[in-house]
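S.K.: Coordinates in my_file_18.cif, mmCIF, C-alpha atoms, are listed below.
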data_data
#
loop_
_atom_site.label_atom_id
_atom_site.label_comp_id
_atom_site.auth_asym_id
_atom_site.auth_seq_id
_atom_site.Cartn_x
_atom_site.Cartn_y
_atom_site.Cartn_z
CA MET A 1 -29.26 -25.50 -65.92
CA ASN A 2 -31.56 -23.50 -63.70
CA ASP A 3 -32.10 -25.06 -60.30
CA GLY A 4 -35.70 -23.97 -60.15
CA ASN A 5 -36.67 -25.59 -63.42
CA TYR A 6 -35.62 -29.15 -62.72
CA GLY A 7 -36.79 -31.73 -60.26
CA ASP A 8 -34.43 -34.33 -58.87
CA ALA A 9 -35.47 -36.92 -61.42
CA ALA A 10 -34.55 -34.75 -64.39
CA ALA A 11 -31.29 -33.62 -62.82
CA VAL A 12 -30.39 -37.18 -61.88
CA GLU A 13 -31.05 -38.40 -65.40
CA ARG A 14 -28.75 -35.77 -66.85
CA ALA A 15 -26.11 -36.29 -64.15
CA ARG A 16 -26.15 -40.01 -64.90
CA ASN A 17 -24.98 -39.09 -68.37
CA GLY A 18 -22.10 -37.03 -67.02
CA ASP A 19 -23.78 -33.63 -66.94
CA ARG A 20 -21.81 -31.79 -64.23
CA ASP A 21 -24.18 -28.86 -64.23
CA ALA A 22 -27.05 -31.17 -63.39
CA PHE A 23 -24.98 -32.68 -60.61
CA ARG A 24 -24.25 -29.19 -59.31
CA VAL A 25 -27.98 -28.65 -58.97
CA LEU A 26 -28.24 -31.83 -56.92
CA VAL A 27 -25.28 -30.89 -54.71
CA GLU A 28 -26.64 -27.41 -54.02
CA ARG A 29 -30.08 -28.82 -53.31
CA HIS A 30 -29.08 -31.66 -50.99
CA ALA A 31 -25.84 -30.50 -49.34
CA SER A 32 -27.49 -29.04 -46.24
CA ALA A 33 -29.57 -32.15 -45.57
CA VAL A 34 -26.54 -34.39 -46.00
CA PHE A 35 -24.59 -32.12 -43.66
CA ARG A 36 -27.30 -32.34 -40.99
CA LEU A 37 -27.25 -36.11 -41.11
CA ALA A 38 -23.45 -36.24 -41.02
CA TYR A 39 -23.25 -33.74 -38.17
CA ARG A 40 -25.75 -35.64 -36.06
CA MET A 41 -23.71 -38.76 -36.57
CA THR A 42 -20.25 -37.22 -36.05
CA LEU A 43 -21.07 -34.32 -33.68
CA ASN A 44 -18.27 -32.46 -35.38
CA GLU A 45 -18.77 -29.73 -37.95
CA THR A 46 -15.50 -30.24 -39.82
CA ASP A 47 -15.95 -33.99 -39.99
CA ALA A 48 -19.51 -33.51 -41.17
CA GLU A 49 -18.33 -31.24 -43.98
CA ASP A 50 -15.81 -33.91 -44.95
CA MET A 51 -18.60 -36.43 -45.04
CA VAL A 52 -20.62 -34.13 -47.31
CA GLN A 53 -17.74 -34.12 -49.72
CA GLU A 54 -17.17 -37.86 -49.43
CA THR A 55 -20.85 -38.48 -50.02
CA PHE A 56 -21.08 -36.42 -53.18
CA LEU A 57 -17.77 -37.71 -54.53
CA ARG A 58 -19.09 -41.22 -54.11
CA ALA A 59 -22.46 -40.27 -55.55
CA TRP A 60 -20.79 -38.77 -58.64
CA SER A 61 -18.67 -41.85 -59.23
CA GLU A 62 -21.68 -44.10 -58.74
CA MET A 63 -24.30 -42.05 -60.58
CA ARG A 64 -24.59 -44.52 -63.42
CA ARG A 65 -25.38 -47.25 -60.93
CA PHE A 66 -28.18 -45.30 -59.26
CA ASP A 67 -31.22 -47.25 -60.33
CA GLY A 68 -33.91 -44.89 -59.06
CA ARG A 69 -35.61 -47.48 -56.87
CA ALA A 70 -35.18 -45.12 -53.93
CA SER A 71 -35.36 -41.34 -54.19
CA PHE A 72 -32.08 -39.57 -54.88
CA GLY A 73 -32.20 -38.03 -51.40
CA THR A 74 -32.63 -41.42 -49.76
CA TRP A 75 -29.79 -42.82 -51.84
CA LEU A 76 -27.54 -39.93 -50.79
CA HIS A 77 -28.45 -40.41 -47.14
CA ARG A 78 -27.62 -44.04 -47.44
CA ILE A 79 -24.20 -43.27 -48.91
CA CYS A 80 -23.61 -40.63 -46.23
CA ALA A 81 -24.64 -42.96 -43.41
CA ASN A 82 -22.36 -45.72 -44.67
CA ARG A 83 -19.37 -43.46 -45.18
CA THR A 84 -19.90 -41.79 -41.82
CA VAL A 85 -20.20 -45.07 -39.95
CA ASP A 86 -16.94 -46.18 -41.57
CA PHE A 87 -15.36 -42.89 -40.59
CA LEU A 88 -16.59 -43.12 -37.01
CA ARG A 89 -15.34 -46.67 -36.67
CA SER A 90 -11.90 -45.61 -37.85
CA ARG A 91 -11.86 -42.53 -35.63
CA LYS A 92 -12.90 -44.53 -32.60
CA ARG A 93 -10.12 -47.00 -33.25
CA TRP A 94 -7.37 -44.45 -33.72
CA GLN A 95 -8.48 -41.32 -31.91
CA GLY A 96 -10.83 -42.40 -29.16
CA PRO A 97 -14.59 -41.94 -28.83
CA ALA A 98 -16.56 -39.25 -30.58
CA MET A 99 -16.38 -35.89 -28.93
CA PRO A 100 -18.04 -32.63 -29.79
CA ASP A 101 -16.07 -30.08 -31.81
CA THR A 102 -12.87 -29.10 -30.09
CA ASP A 103 -11.84 -26.31 -32.42
CA ARG A 104 -14.19 -23.85 -30.81
CA GLU A 105 -15.41 -23.22 -27.33
CA TYR A 106 -17.85 -25.94 -26.38
CA ASP A 107 -21.35 -24.68 -25.82
CA PRO A 108 -23.88 -27.40 -25.06
CA PHE A 109 -26.74 -25.03 -25.82
CA ARG A 110 -25.58 -23.92 -29.22
CA ASN A 111 -27.53 -26.51 -31.16
CA LEU A 112 -30.80 -26.16 -29.31
CA ALA A 113 -33.72 -24.99 -31.36
CA SER A 114 -34.44 -21.36 -30.67
CA ALA A 115 -38.23 -21.55 -30.83
CA ALA A 116 -38.72 -21.97 -27.10
CA PRO A 117 -39.24 -18.50 -25.75
CA SER A 118 -41.16 -19.08 -22.54
CA PRO A 119 -39.10 -18.70 -19.35
CA GLU A 120 -40.19 -22.12 -18.11
CA ARG A 121 -39.26 -23.69 -21.40
CA GLU A 122 -35.92 -21.90 -21.41
CA ALA A 123 -35.17 -23.07 -17.90
CA GLN A 124 -36.06 -26.60 -18.82
CA SER A 125 -33.98 -26.46 -21.97
CA ALA A 126 -31.08 -25.08 -20.01
CA GLN A 127 -31.33 -27.98 -17.61
CA THR A 128 -31.57 -30.70 -20.24
CA GLY A 129 -29.76 -28.94 -23.06
CA ALA A 130 -26.42 -29.37 -21.38
CA MET A 131 -27.02 -33.10 -21.41
CA LEU A 132 -28.21 -33.71 -24.96
CA GLU A 133 -25.03 -33.52 -27.00
CA PRO A 134 -22.88 -35.34 -24.41
CA ALA A 135 -25.60 -37.99 -24.20
CA LEU A 136 -25.54 -38.44 -27.96
CA ALA A 137 -21.73 -38.44 -27.92
CA ALA A 138 -21.77 -41.29 -25.42
CA LEU A 139 -23.62 -43.61 -27.81
CA SER A 140 -21.68 -46.03 -29.94
CA GLU A 141 -21.29 -44.92 -33.54
CA VAL A 142 -23.80 -47.46 -34.78
CA GLU A 143 -26.29 -46.57 -32.05
CA ARG A 144 -25.99 -42.89 -32.85
CA ALA A 145 -26.28 -43.54 -36.57
CA ALA A 146 -29.35 -45.72 -36.08
CA PHE A 147 -30.98 -43.27 -33.68
CA THR A 148 -30.22 -40.33 -35.96
CA MET A 149 -31.76 -41.99 -38.97
CA ARG A 150 -34.84 -43.15 -37.05
CA HIS A 151 -35.44 -40.13 -34.86
CA TYR A 152 -34.27 -37.20 -36.97
CA GLU A 153 -34.51 -38.53 -40.51
CA GLY A 154 -37.72 -40.47 -39.92
CA LEU A 155 -36.46 -43.59 -41.67
CA ALA A 156 -38.28 -46.82 -40.91
CA ILE A 157 -36.20 -49.41 -39.10
CA ASP A 158 -35.94 -51.52 -42.26
CA ASP A 159 -34.46 -48.53 -44.08
CA VAL A 160 -32.07 -47.83 -41.21
CA ALA A 161 -30.95 -51.45 -41.42
CA ALA A 162 -30.38 -51.14 -45.15
CA ALA A 163 -28.36 -47.97 -44.70
CA LEU A 164 -26.19 -49.56 -42.04
CA GLY A 165 -25.87 -52.82 -43.93
CA VAL A 166 -27.23 -54.88 -41.07
CA GLN A 167 -30.29 -57.00 -40.48
CA PRO A 168 -33.45 -55.16 -39.33
CA GLY A 169 -33.24 -56.91 -35.96
CA ALA A 170 -29.76 -55.51 -35.39
CA ALA A 171 -30.87 -52.01 -36.35
CA ARG A 172 -33.89 -52.29 -34.06
CA HIS A 173 -31.72 -53.27 -31.12
CA SER A 174 -29.28 -50.45 -31.84
CA ILE A 175 -32.19 -48.03 -31.61
CA PHE A 176 -33.45 -49.65 -28.42
CA ARG A 177 -30.02 -49.39 -26.83
CA ALA A 178 -29.63 -45.80 -27.98
CA VAL A 179 -32.99 -44.75 -26.53
CA ARG A 180 -32.28 -46.55 -23.28
CA LYS A 181 -28.91 -44.82 -22.92
CA LEU A 182 -30.33 -41.42 -23.83
CA ARG A 183 -33.12 -41.77 -21.30
CA ARG A 184 -30.64 -42.80 -18.66
CA ALA A 185 -28.57 -39.73 -19.46
CA LEU A 186 -31.60 -37.55 -18.81
CA GLU A 187 -32.42 -39.23 -15.50
CA PRO A 188 -30.70 -36.59 -13.34
CA VAL A 189 -33.25 -34.05 -14.50
CA GLY A 190 -36.00 -36.56 -15.13
CA SER A 191 -37.91 -35.66 -12.01
CA GLY A 192 -38.11 -32.08 -13.22
CA LEU A 193 -39.66 -32.96 -16.54
CA PRO A 194 -43.27 -31.95 -16.96
CA MET B 195 -52.31 -57.78 -17.26
CA LYS B 196 -49.01 -57.83 -19.12
CA HIS B 197 -47.57 -54.36 -19.46
CA LEU B 198 -45.79 -53.08 -22.55
CA SER B 199 -42.01 -53.28 -22.43
CA GLU B 200 -39.83 -50.26 -23.10
CA GLU B 201 -38.92 -51.76 -26.46
CA GLU B 202 -42.57 -52.14 -27.39
CA LEU B 203 -43.22 -48.57 -26.31
CA ILE B 204 -40.37 -47.38 -28.52
CA LEU B 205 -41.88 -49.20 -31.50
CA VAL B 206 -45.22 -47.59 -30.74
CA TYR B 207 -43.63 -44.16 -30.38
CA TYR B 208 -42.01 -44.43 -33.79
CA GLU B 209 -45.15 -45.97 -35.28
CA GLU B 210 -43.19 -48.94 -36.53
CA PRO B 211 -45.26 -51.57 -38.35
CA ASP B 212 -43.99 -54.32 -36.09
CA ALA B 213 -45.24 -52.64 -32.91
CA PRO B 214 -47.56 -55.05 -31.06
CA ALA B 215 -51.02 -55.03 -32.55
CA MET B 216 -52.60 -54.81 -29.11
CA ALA B 217 -50.47 -51.86 -28.00
CA GLN B 218 -52.95 -49.08 -28.70
CA SER B 219 -55.86 -50.84 -27.04
CA HIS B 220 -53.66 -51.71 -24.08
CA LEU B 221 -52.54 -48.11 -23.72
CA SER B 222 -56.13 -46.93 -23.67
CA GLU B 223 -56.85 -49.27 -20.74
CA CYS B 224 -53.59 -49.20 -18.75
CA ALA B 225 -52.72 -46.00 -16.90
CA GLU B 226 -49.28 -47.31 -15.95
CA CYS B 227 -48.26 -47.99 -19.55
CA ARG B 228 -49.85 -44.71 -20.64
CA ALA B 229 -47.66 -42.89 -18.14
CA ALA B 230 -44.59 -44.80 -19.32
CA ALA B 231 -45.40 -43.93 -22.94
CA GLY B 232 -45.85 -40.28 -21.99
CA SER B 233 -42.54 -40.25 -20.17
CA LEU B 234 -40.77 -41.79 -23.16
CA ALA B 235 -42.35 -39.28 -25.54
CA ARG B 236 -41.37 -36.31 -23.34
CA GLU B 237 -37.79 -37.47 -22.98
CA LEU B 238 -37.34 -38.20 -26.67
CA GLY B 239 -39.04 -34.91 -27.41
CA PHE B 240 -36.15 -33.07 -25.81
CA PHE B 241 -33.89 -34.45 -28.50
CA ASP B 242 -36.13 -32.85 -31.13
CA GLU B 243 -34.80 -29.52 -29.94
CA TRP B 244 -31.24 -30.42 -30.70
CA ASN B 245 -30.12 -29.40 -34.18
CA ALA B 246 -27.06 -29.48 -36.35
CA PRO B 247 -25.41 -26.06 -36.65
CA ALA B 248 -27.30 -23.91 -39.12
CA LYS B 249 -25.62 -23.49 -42.46
CA GLY B 250 -26.13 -20.41 -44.58
CA GLU B 251 -27.91 -20.28 -47.89
CA ASP B 252 -24.56 -20.46 -49.66
CA PHE B 253 -23.60 -23.77 -48.13
CA GLY B 254 -24.75 -25.77 -51.14
CA ARG B 255 -22.89 -23.48 -53.52
CA ASP B 256 -19.77 -23.55 -51.36
CA ALA B 257 -19.96 -27.32 -51.19
CA TRP B 258 -20.12 -27.47 -54.96
CA ASN B 259 -17.21 -25.04 -55.40
CA ARG B 260 -15.04 -27.19 -53.20
CA LEU B 261 -16.25 -30.40 -54.70
CA ALA B 262 -16.07 -29.54 -58.40
CA PRO B 263 -12.27 -29.75 -58.77
CA ALA B 264 -12.34 -33.17 -57.14
CA LEU B 265 -14.84 -34.65 -59.56
CA ASP B 266 -12.35 -34.93 -62.40
CA SER B 267 -9.27 -35.80 -60.41
CA GLY B 268 -11.08 -38.13 -58.09
CA ARG B 269 -9.47 -36.98 -54.89
CA GLU B 270 -7.98 -33.50 -55.30
CA VAL B 271 -9.92 -30.93 -53.33
CA GLY B 272 -9.85 -27.31 -52.43
CA PRO B 273 -8.64 -25.78 -49.19
CA GLY B 274 -10.65 -26.29 -46.07
CA TRP B 275 -11.62 -29.84 -46.91
CA ARG B 276 -9.98 -33.00 -45.81
CA PRO B 277 -10.51 -35.69 -48.41
CA VAL B 278 -10.53 -39.04 -46.71
CA ARG B 279 -10.76 -42.36 -48.37
CA ILE B 280 -11.40 -44.05 -45.10
CA TRP B 281 -10.31 -47.54 -45.97
CA ALA B 282 -7.25 -46.38 -47.79
CA ALA B 283 -6.34 -44.17 -44.85
CA MET B 284 -6.66 -47.02 -42.43
CA ALA B 285 -4.66 -49.23 -44.76
CA GLY B 286 -2.01 -46.54 -44.82
CA PHE B 287 -1.79 -46.59 -41.06
CA ALA B 288 -1.56 -50.35 -41.07
CA ILE B 289 1.22 -50.12 -43.63
CA LEU B 290 3.05 -47.71 -41.35
CA LEU B 291 2.73 -50.12 -38.47
CA VAL B 292 3.96 -53.00 -40.54
CA ALA B 293 6.79 -50.86 -41.88
CA VAL B 294 7.91 -50.35 -38.30
CA PHE B 295 7.94 -54.09 -37.90
CA LEU B 296 9.74 -54.72 -41.16
CA ALA B 297 12.26 -52.01 -40.38
CA GLY B 298 13.17 -53.80 -37.23
CA ARG B 299 13.61 -57.06 -39.07
CA LEU B 300 15.37 -55.94 -42.19
CA SER B 301 17.48 -52.91 -41.50
CA ARG B 302 18.20 -52.72 -37.86
CA PRO B 303 21.52 -50.85 -38.21
CA ALA B 304 19.91 -47.97 -40.10
CA LEU B 305 16.82 -47.59 -37.96
CA PRO B 306 15.78 -44.15 -36.78
CA PRO B 307 16.27 -43.79 -33.03
CA VAL B 308 12.59 -44.12 -32.19
CA ILE B 309 12.15 -47.36 -34.11
CA ALA B 310 15.54 -48.67 -33.08
CA GLY B 311 14.45 -48.26 -29.50
CA LEU B 312 11.60 -50.70 -29.92
CA SER B 313 12.13 -54.13 -28.51
CA ASP B 314 11.32 -57.27 -30.51
CA GLN B 315 8.36 -57.74 -28.21
CA ALA B 316 7.09 -54.24 -28.99
CA ARG B 317 7.39 -54.93 -32.70
CA GLU B 318 5.56 -58.22 -32.32
CA ARG B 319 2.80 -56.38 -30.49
CA ILE B 320 2.60 -53.81 -33.27
CA LEU B 321 2.30 -56.58 -35.82
CA ALA B 322 -0.43 -58.32 -33.80
CA ILE B 323 -2.35 -55.04 -33.57
CA ALA B 324 -1.98 -54.35 -37.29
CA VAL B 325 -3.14 -57.81 -38.34
CA ALA B 326 -6.01 -57.84 -35.82
CA ASP B 327 -7.16 -54.45 -37.07
CA HIS B 328 -6.91 -55.67 -40.64
CA LEU B 329 -9.11 -58.62 -39.72
CA ASP B 330 -11.52 -56.27 -37.95
CA ARG B 331 -11.99 -54.39 -41.22
CA VAL B 332 -12.34 -57.68 -43.09
CA GLU B 333 -14.97 -58.78 -40.58
CA THR B 334 -16.95 -55.58 -41.11
CA LEU B 335 -16.87 -56.06 -44.87
CA LEU B 336 -17.89 -59.73 -44.65
CA THR B 337 -20.72 -58.84 -42.28
CA GLU B 338 -22.00 -56.18 -44.62
CA ILE B 339 -21.83 -58.45 -47.66
CA SER B 340 -23.57 -61.20 -45.72
CA HIS B 341 -26.34 -59.11 -44.26
CA ASP B 342 -27.14 -56.35 -46.72
CA ASP B 343 -30.75 -57.06 -47.54
CA SER B 344 -30.85 -54.87 -50.59
CA ASN B 345 -28.60 -56.78 -53.02
CA ALA B 346 -28.26 -53.38 -54.63
CA PRO B 347 -25.40 -53.14 -57.14
CA ASP B 348 -24.75 -49.51 -56.22
CA VAL B 349 -24.18 -50.49 -52.62
CA PHE B 350 -21.93 -53.36 -53.59
CA ALA B 351 -19.68 -51.04 -55.56
CA ALA B 352 -18.43 -49.59 -52.28
CA ASP B 353 -17.79 -53.08 -50.94
CA ARG B 354 -15.77 -53.91 -54.04
CA GLU B 355 -13.50 -50.92 -53.50
CA ARG B 356 -12.96 -51.84 -49.87
CA ALA B 357 -12.22 -55.45 -50.79
CA GLU B 358 -9.51 -54.21 -53.15
CA ASP B 359 -7.96 -52.02 -50.45
CA LEU B 360 -8.08 -54.85 -47.95
CA ALA B 361 -6.53 -57.33 -50.38
CA GLN B 362 -3.58 -54.98 -50.87
CA GLU B 363 -3.30 -54.45 -47.15
CA GLY B 364 -3.41 -58.22 -46.65
CA GLN B 365 -0.38 -58.69 -48.90
CA LEU B 366 1.70 -56.54 -46.56
CA MET B 367 0.41 -58.36 -43.53
CA LYS B 368 1.39 -61.70 -45.03
CA GLN B 369 4.90 -60.51 -45.85
CA SER B 370 5.38 -59.34 -42.29
CA LEU B 371 3.91 -62.48 -40.79
CA ALA B 372 6.09 -64.66 -43.03
CA LEU B 373 9.17 -62.84 -41.81
CA HIS B 374 8.04 -63.52 -38.29
CA GLY B 375 7.49 -67.19 -39.08
CA GLU B 376 3.75 -67.04 -38.46
CA THR B 377 2.88 -69.59 -41.13
CA ALA B 378 -0.51 -70.52 -39.72
CA THR B 379 -1.80 -66.95 -39.72
CA THR B 380 -0.21 -66.35 -43.12
CA GLY B 381 -2.06 -69.36 -44.48
CA PHE B 382 -5.31 -68.10 -43.08
CA LEU B 383 -4.74 -64.68 -44.63
CA ASP B 384 -4.24 -66.47 -47.95
CA ASP B 385 -7.79 -67.82 -47.62
CA VAL B 386 -9.09 -64.37 -46.73
CA ASP B 387 -7.22 -62.79 -49.63
CA ARG B 388 -8.68 -65.23 -52.13
CA PHE B 389 -12.14 -64.10 -51.09
CA LEU B 390 -11.20 -60.42 -51.12
CA ILE B 391 -9.69 -60.67 -54.58
CA GLU B 392 -12.80 -62.45 -55.82
CA ALA B 393 -15.00 -59.72 -54.31
CA ALA B 394 -12.76 -56.99 -55.72
CA HIS B 395 -13.02 -58.45 -59.22
CA THR B 396 -16.76 -58.80 -59.43
CA PRO B 397 -18.14 -57.03 -62.50
CA ASP B 398 -19.28 -53.42 -62.30
CA ARG B 399 -22.83 -54.50 -62.93
CA VAL B 400 -22.77 -57.11 -60.22
CA GLY B 401 -26.08 -58.91 -59.94
CA GLU B 402 -27.88 -60.81 -57.24
CA LYS B 403 -26.35 -64.04 -58.52
CA GLU B 404 -22.78 -62.84 -57.94
CA ILE B 405 -23.63 -61.48 -54.50
CA ALA B 406 -25.30 -64.77 -53.60
CA GLU B 407 -22.17 -66.63 -54.70
CA LEU B 408 -19.99 -64.44 -52.48
CA ARG B 409 -22.29 -65.08 -49.55
CA GLN B 410 -22.09 -68.78 -50.29
CA ARG B 411 -18.28 -68.51 -50.18
CA ILE B 412 -18.47 -66.79 -46.80
CA ASP B 413 -20.89 -69.36 -45.41
CA SER B 414 -19.37 -72.52 -46.82
CA GLY B 415 -15.94 -71.83 -45.40
CA SER B 416 -17.23 -70.32 -42.15
CA LEU B 417 -15.00 -67.44 -43.16
CA LEU B 418 -16.63 -64.84 -40.95
CA PHE B 419 -16.44 -67.11 -37.92
CA LYS B 420 -12.79 -67.89 -38.57
CA VAL B 421 -11.93 -64.23 -39.01
CA ARG B 422 -13.47 -63.47 -35.62
CA ILE B 423 -11.58 -66.30 -33.94
CA VAL B 424 -8.20 -65.37 -35.42
CA GLU B 425 -8.76 -61.71 -34.61
CA SER B 426 -9.69 -62.62 -31.04
CA ASN B 427 -6.57 -64.75 -30.70
CA LEU B 428 -4.42 -61.91 -31.97
CA ARG B 429 -6.02 -59.50 -29.50
CA ASN B 430 -5.23 -61.91 -26.68
CA GLU B 431 -1.66 -62.24 -27.92
CA GLU B 432 -1.41 -58.46 -28.15
CA ARG B 433 -2.55 -58.11 -24.53
CA LYS B 434 -0.02 -60.71 -23.34
CA LEU B 435 2.77 -58.93 -25.19
#
Give the structure from the file, written as structure tokens.
M.R.:
Amino acid sequence: MNDGNYGDAAAVERARNGDRDAFRVLVERHASAVFRLAYRMTLNETDAEDMVQETFLRAWSEMRRFDGRASFGTWLHRICANRTVDFLRSRKRWQGPAMPDTDREYDPFRNLASAAPSPEREAQSAQTGAMLEPALAALSEVERAAFTMRHYEGLAIDDVAAALGVQPGAARHSIFRAVRKLRRALEPVGSGLP
Amino acid sequence: MKHLSEEELILVYYEEPDAPAMAQSHLSECAECRAAAGSLARELGFFDEWNAPAKGEDFGRDAWNRLAPALDSGREVGPGWRPVRIWAAMAGFAILLVAVFLAGRLSRPALPPVIAGLSDQARERILAIAVADHLDRVETLLTEISHDDSNAPDVFAADRERAEDLAQEGQLMKQSLALHGETATTGFLDDVDRFLIEAAHTPDRVGEKEIAELRQRIDSGSLLFKVRIVESNLRNEERKL
């Protein structure tokens, strides 16, 4: 199966019937997006890669149950969000709160977008950049998951709620709390913001 | 003039449909709220600059190469990946904890030094932690079954698997509690297990009717409420110990 010749719908239909090659197309096409979501929720590259695997393993075993009401990408994100929230809950219980990767030297600037060349912008990013990842790490797992899906994935609150398996009101309040905490984390440099 | 709250401003920022209808007109008239909205947008804008680490073009192919062997075997994977069936892993840890407790009760003379060194009180605390954590996982599952708006069978499949894991875990908890003479908690876990087994044995093509019946079971017996109470009591006991 040639990746370029098939849209998701065709690949999904074939994968639903056990076509591994079609599923390969879907994995290769969606793995990076699933990784981004998982990384933003876990703040750990290795854990995020695990979640990619968990997500696709689950997707493969559940392919026949995928009813196509949502897009395949949305369905994958939902699986990933659920698995990652479970993972984060278990990690918090047994290993303490989420922390950035520890298997490499911690660089708070490493994940900042590079398209900010002006000196003023760089100075500003340097000031706030050091605070972004720790601020996200300080959120509860559900708050970070909800914020990630709303802010980075652009999911509506109702969809965030569905992904987290909670009522929309609960998802909304998780986002409110997350934003409040993130803003508070930026307060030390707040006066310097333009 | 009533100003917009931070929560209302967040809804406006994300263009949520349930943002107050008057928000835009208010913002056009109120400099204070306009400034607050601008401040919120600037601060959230900084988070736009934060990205996940970039993955190369081969990431998708690498992911597939590592995943492919696992598709047939279910859980075998290539090097560099850590397959985790979260609920099973947690159950495994709980089993380890309970094993420590059982070891103390059943085979004290042959205990390894570390376990032998545990006092009865320490073992009781371990058991309280294990059962409370088990109930915490049960609570999460019950909450998700109760509040998932989608009624989607594909979502429920994951719940079914977790219910099965938790039912097995519950059996161990009951054995340990029975040895400890905790008949009341054991009886309660019997009630929980009946629900878990029912959830675990729902058909593959579970429909809205079956999910509604499970929710009815949760509601009619105040199961979720009871789980929270018993878990809370165990946490208190754990702290005292």
S.K.: Can you tell me which residues surround Leu418 in chain B at a distance of at most 7 Å, considering all atoms listed in the file, apart from same-chain residues fewer than 5 positions away, and format the answer as a list in words?
M.R.: Glu333, Leu336 and Ile412 of chain B
S.K.: Dump as a PyMOL selection string the residues of chain A that approach chain B to within 7 Å, counting all atoms listed in the file.
M.R.: chain A and resi 24+27-29+31-32+36+39-40+50+53+57+62+65-66+86-87+111-113+132+156+162+165-167+176+183
S.K.: Interatomic distance between CA of His395 in chain B and CA of Thr84 in chain A?
M.R.: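 Separation of CA of His395 in chain B and CA of Thr84 in chain A: 25.1 Å.
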S.K.: For Ser71 in chain A, please output as a list in words all residues within 12 Å (counting all atoms listed in the file; exclusion window: fewer than 3 positions along the same chain).
M.R.: Gly7, Asp8, Ala9, Val12, His30, Phe66, Asp67, Gly68, Thr74, Trp75, Leu76, His77 and Arg78 of chain A
S.K.: So what does the PyMOL selection byres ((chain B and resi 218) around 12) actually pick up in this one, as a ChimeraX atom specification?
M.R.: /B:197-198,202-203,205-207,209,213-217,219-224,227-228,231
S.K.: Identify which of the residues A:Met51, A:Ser61, A:Ala81, A:Ala138 lies closest to Val160 in chain A, counting all atoms listed in the file when measuring atom-to-atom distances.
M.R.: A:Ala81
S.K.: How far is it from CA of Tyr152 in chain A to CA of Ala22 in chain A, in Å with one decimal?
M.R.: 28.0 Å
S.K.: Would you translate the PyMOL selection byres ((chain B and resi 319) around 10) into the concrete set of residues it matches in this file, as a PDB file with C-alpha atoms, in the coordinates of the input?
M.R.:
ATOM      1  CA  PHE B 295       7.940 -54.090 -37.900  1.00  0.00           C
ATOM      2  CA  SER B 313      12.130 -54.130 -28.510  1.00  0.00           C
ATOM      3  CA  ASP B 314      11.320 -57.270 -30.510  1.00  0.00           C
ATOM      4  CA  GLN B 315       8.360 -57.740 -28.210  1.00  0.00           C
ATOM      5  CA  ALA B 316       7.090 -54.240 -28.990  1.00  0.00           C
ATOM      6  CA  ARG B 317       7.390 -54.930 -32.700  1.00  0.00           C
ATOM      7  CA  GLU B 318       5.560 -58.220 -32.320  1.00  0.00           C
ATOM      8  CA  ILE B 320       2.600 -53.810 -33.270  1.00  0.00           C
ATOM      9  CA  LEU B 321       2.300 -56.580 -35.820  1.00  0.00           C
ATOM     10  CA  ALA B 322      -0.430 -58.320 -33.800  1.00  0.00           C
ATOM     11  CA  ILE B 323      -2.350 -55.040 -33.570  1.00  0.00           C
ATOM     12  CA  ALA B 324      -1.980 -54.350 -37.290  1.00  0.00           C
ATOM     13  CA  VAL B 325      -3.140 -57.810 -38.340  1.00  0.00           C
ATOM     14  CA  LEU B 428      -4.420 -61.910 -31.970  1.00  0.00           C
ATOM     15  CA  ARG B 429      -6.020 -59.500 -29.500  1.00  0.00           C
ATOM     16  CA  GLU B 431      -1.660 -62.240 -27.920  1.00  0.00           C
ATOM     17  CA  GLU B 432      -1.410 -58.460 -28.150  1.00  0.00           C
ATOM     18  CA  ARG B 433      -2.550 -58.110 -24.530  1.00  0.00           C
ATOM     19  CA  LYS B 434      -0.020 -60.710 -23.340  1.00  0.00           C
ATOM     20  CA  LEU B 435       2.770 -58.930 -25.190  1.00  0.00           C
TER      21      LEU B 435
END
S.K.: What separation in Å, quoted to one decimal, exists between CA of Val179 in chain A and CA of Glu54 in chain A?
M.R.: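 Between these atoms lies a distance of 28.7 Å.
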S.K.: Give me, as a list in words, all polymer residues having an atom no more than 10 Å from Phe382 in chain B, counting only C-alpha atoms and skipping those fewer than 3 positions away in the same chain.
M.R.: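 After dropping sequence-adjacent residues, the list is Lys368, Thr377, Ala378, Thr379, Asp385, Val386, Asp387, Leu417, Lys420, Val421 and Val424 of chain B.
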